[in-house]
Amino acid sequence: MRRVEEVIIASSYVATEMPKIGAVGTATWADGGINILKEDMSELVTADITAAYDGPIHITRFDRQNQLRLSFKIDKKEIRRYAYKDFAAEAFQVSDVSMPAAPVVGTAYGFYLIDPHDREVVYNGRKLVYVVAVTGETQATLRDRLIAAVNSDATLTVTASATGTSVRLTADAGKKFLEGYERHHAFTVALYAGLIGETITATTAHSLGCGEFMEVYNLENDLDLGYKGHLNRVLYADQPERYADSSCDYDMYVIEHNRVGGDSVADNASASRPLTTIIAFKESGTGAAAFKTLLDGYMGVELDNNPNDAE
């Protein structure tokens, strides 16, 4: 079941700035600026948190087209999950395969490389890379020949390099998908049966990252065009302004609502789809920390940043 998402792309938050609803915004209002409004459309401020304001809120953005964009109604009594994720840079998987100190002439040394994304992994996604030790073979020459064997195979999704006496395998940008954007790969490496003196060490775990531009762009591209769980894109010929910025990293807020709503599901789609509000805030945007403090205060939670996040 596809959830129904409302996406707000934010560049700044200033507590005292609000657009005039139905009119031109204040002189200092910035493109992509957001604010938090209470049920009566007045601004949520720190004093409301102190007074334990218990009503619903909306995250609002004032668009370049002089339109006020409201999120789904956020009622903390009806929130299933609230999560905050610092921007985390993507990480490519790295594994090292050590070479034996004394290669045995006539013995095959190598490994299987398995692409876990390939549905036909048994036939297409499982590659054996090996070389046979020759007279005078050393750790270094064995290593270098294996590196050459990996890098000469265009079907593999890893790049090999030397690190000490080991072959270092690093996931590359991977295969094309969707609109032609690349995704990087994880991979599985396994020793070829019967190999002598080799060990595998995973040095860097694969991580998809969070708040990458393409992640935010794809959210905006799909959902800002009006997609609410249906496929009739003809209704949305006039595209709104785009706010995802390729030069920026984003922090992400995800608010999962307990309620399901026909009020937010268009085009006769199922009214049982769960609602989710996603806020992508420029990591370096004005007021990012103040916005988080206010929203956390309203939700009544303290969230720790993920210790694995990369600045």
# chains A, B, ... in the order shown; residues from 1 in each chain; ligands from 1

$ residues_around --residues "Gln139 of chain A" --least-positions-apart "4" --cutoff "12 Å" --atoms "only C-alpha atoms" --output "JSON, numbers by chain"
{"A": [97, 98, 99, 100, 101, 102, 103, 104, 109, 133, 134, 143, 144, 145, 146, 162, 163, 164, 165, 166, 167, 197, 198]}

$ write_last_selection --atoms "C-alpha atoms" --output "PDB file, in the first residue's frame"
ATOM      1  CA  VAL A  97      41.070  -9.226   0.119  1.00  0.00           C
ATOM      2  CA  SER A  98      44.555 -10.139   1.369  1.00  0.00           C
ATOM      3  CA  MET A  99      46.983 -12.111  -0.773  1.00  0.00           C
ATOM      4  CA  PRO A 100      48.929 -15.141   0.568  1.00  0.00           C
ATOM      5  CA  ALA A 101      52.542 -14.565   1.547  1.00  0.00           C
ATOM      6  CA  ALA A 102      53.770 -17.482  -0.592  1.00  0.00           C
ATOM      7  CA  PRO A 103      51.550 -18.094  -3.659  1.00  0.00           C
ATOM      8  CA  VAL A 104      51.609 -21.730  -4.810  1.00  0.00           C
ATOM      9  CA  TYR A 109      43.556 -17.217  -6.427  1.00  0.00           C
ATOM     10  CA  ALA A 133      49.919 -18.297  -9.778  1.00  0.00           C
ATOM     11  CA  VAL A 134      52.956 -18.682 -12.020  1.00  0.00           C
ATOM     12  CA  ARG A 143      47.715  -8.662  -6.149  1.00  0.00           C
ATOM     13  CA  ASP A 144      48.403  -6.548  -9.228  1.00  0.00           C
ATOM     14  CA  ARG A 145      47.202  -9.221 -11.663  1.00  0.00           C
ATOM     15  CA  LEU A 146      43.944  -9.615  -9.737  1.00  0.00           C
ATOM     16  CA  ALA A 162      46.149  -1.850  -4.106  1.00  0.00           C
ATOM     17  CA  THR A 163      46.407  -1.403  -0.356  1.00  0.00           C
ATOM     18  CA  GLY A 164      49.493  -3.038   1.106  1.00  0.00           C
ATOM     19  CA  THR A 165      49.426  -6.706   0.103  1.00  0.00           C
ATOM     20  CA  SER A 166      45.640  -6.676  -0.375  1.00  0.00           C
ATOM     21  CA  VAL A 167      43.235  -6.007  -3.231  1.00  0.00           C
ATOM     22  CA  GLY A 197      45.875 -17.900   2.546  1.00  0.00           C
ATOM     23  CA  GLU A 198      43.308 -15.256   1.565  1.00  0.00           C
TER      24      GLU A 198
END

$ residues_around --residues "Ala149 of chain A" --least-positions-apart "4" --cutoff "12 Å" --atoms "only C-alpha atoms" --output "count of residues only"
22

$ closest_residue --among "A:Ala171, A:Ile34, A:Leu70, A:Ile8" --to "Met252 of chain A" --atoms "only C-alpha atoms"
A:Ile8

$ select_by_dssp --residues "segment 43-95 of chain A" --states "alpha helix (DSSP H)" --output "list in words"
Thr46, Ala47, Asp48, Ile49 and Thr50 of chain A

$ write_last_selection --atoms "N, CA and C atoms" --output "PDB file, in the first residue's frame"
ATOM      1  N   THR A  46       7.739  30.228  20.652  1.00  0.00           N
ATOM      2  CA  THR A  46       8.297  29.530  21.805  1.00  0.00           C
ATOM      3  C   THR A  46       7.370  29.596  23.012  1.00  0.00           C
ATOM      4  N   ALA A  47       6.682  30.712  23.172  1.00  0.00           N
ATOM      5  CA  ALA A  47       5.757  30.852  24.311  1.00  0.00           C
ATOM      6  C   ALA A  47       4.637  29.816  24.254  1.00  0.00           C
ATOM      7  N   ASP A  48       4.243  29.416  23.032  1.00  0.00           N
ATOM      8  CA  ASP A  48       3.206  28.390  22.909  1.00  0.00           C
ATOM      9  C   ASP A  48       3.699  27.053  23.425  1.00  0.00           C
ATOM     10  N   ILE A  49       4.981  26.782  23.245  1.00  0.00           N
ATOM     11  CA  ILE A  49       5.545  25.526  23.744  1.00  0.00           C
ATOM     12  C   ILE A  49       5.553  25.543  25.269  1.00  0.00           C
ATOM     13  N   THR A  50       5.971  26.685  25.825  1.00  0.00           N
ATOM     14  CA  THR A  50       5.993  26.830  27.286  1.00  0.00           C
ATOM     15  C   THR A  50       4.592  26.656  27.857  1.00  0.00           C
TER      16      THR A  50
END

$ closest_residue --among "A:Asp31, A:Glu39, A:Asp115, A:Asp86" --to "Ala186 of chain A" --atoms "only C-alpha atoms"
A:Asp115

$ atom_distance --atom1 "atom CA of Glu137 of chain A" --atom2 "atom CA of Ile200 of chain A"
20.7 Å

$ select_by_dssp --residues "segment 87-133 of chain A" --states "strand (DSSP E)" --output "number ranges by chain"
A: 94-98, 108-114, 126-132

$ write_last_selection --atoms "N, CA and C atoms" --output "compact mmCIF listing (two decimals), in the first residue's frame"
# COMPACT_ATOMS: atom_id res chain seq x y z
N VAL A 94 33.46 -0.78 0.84
CA VAL A 94 34.86 -1.12 0.59
C VAL A 94 35.18 -2.44 1.30
N SER A 95 35.81 -3.35 0.58
CA SER A 95 36.29 -4.60 1.18
C SER A 95 37.70 -4.87 0.70
N ASP A 96 38.54 -5.42 1.59
CA ASP A 96 39.92 -5.78 1.25
C ASP A 96 40.07 -7.29 1.23
N VAL A 97 40.77 -7.79 0.22
CA VAL A 97 41.07 -9.23 0.12
C VAL A 97 42.58 -9.37 0.15
N SER A 98 43.10 -10.01 1.21
CA SER A 98 44.55 -10.14 1.37
C SER A 98 45.10 -11.26 0.49
N ALA A 108 44.81 -21.42 -8.24
CA ALA A 108 43.96 -20.29 -8.62
C ALA A 108 43.67 -19.45 -7.37
N TYR A 109 43.87 -18.15 -7.51
CA TYR A 109 43.56 -17.22 -6.43
C TYR A 109 42.56 -16.19 -6.96
N GLY A 110 41.54 -15.94 -6.18
CA GLY A 110 40.52 -14.97 -6.61
C GLY A 110 39.32 -15.00 -5.70
N PHE A 111 38.18 -14.54 -6.22
CA PHE A 111 36.98 -14.41 -5.39
C PHE A 111 35.76 -14.28 -6.28
N TYR A 112 34.62 -14.57 -5.67
CA TYR A 112 33.35 -14.30 -6.32
C TYR A 112 32.90 -12.89 -5.97
N LEU A 113 32.39 -12.16 -6.95
CA LEU A 113 31.74 -10.88 -6.71
C LEU A 113 30.27 -11.06 -7.06
N ILE A 114 29.41 -10.76 -6.12
CA ILE A 114 27.98 -10.99 -6.28
C ILE A 114 27.25 -9.66 -6.18
N ARG A 126 26.74 -13.02 -10.58
CA ARG A 126 27.75 -13.76 -9.81
C ARG A 126 28.96 -13.97 -10.71
N LYS A 127 30.03 -13.25 -10.43
CA LYS A 127 31.22 -13.28 -11.28
C LYS A 127 32.40 -13.84 -10.50
N LEU A 128 33.11 -14.76 -11.12
CA LEU A 128 34.33 -15.29 -10.53
C LEU A 128 35.52 -14.59 -11.17
N VAL A 129 36.32 -13.95 -10.33
CA VAL A 129 37.54 -13.28 -10.80
C VAL A 129 38.72 -14.01 -10.17
N TYR A 130 39.64 -14.51 -11.01
CA TYR A 130 40.78 -15.25 -10.45
C TYR A 130 41.97 -15.18 -11.41
N VAL A 131 43.13 -15.47 -10.86
CA VAL A 131 44.34 -15.67 -11.67
C VAL A 131 45.03 -16.91 -11.12
N VAL A 132 45.85 -17.54 -11.96
CA VAL A 132 46.59 -18.73 -11.55
C VAL A 132 48.05 -18.34 -11.32

$ atom_distance --atom1 "atom CA of Tyr217 of chain A" --atom2 "atom CA of Phe281 of chain A"
12.5 Å

$ closest_residue --among "A:Asn258, A:Val4, A:Ile57, A:Gln93" --to "Leu294 of chain A" --atoms "only C-alpha atoms"
A:Ile57
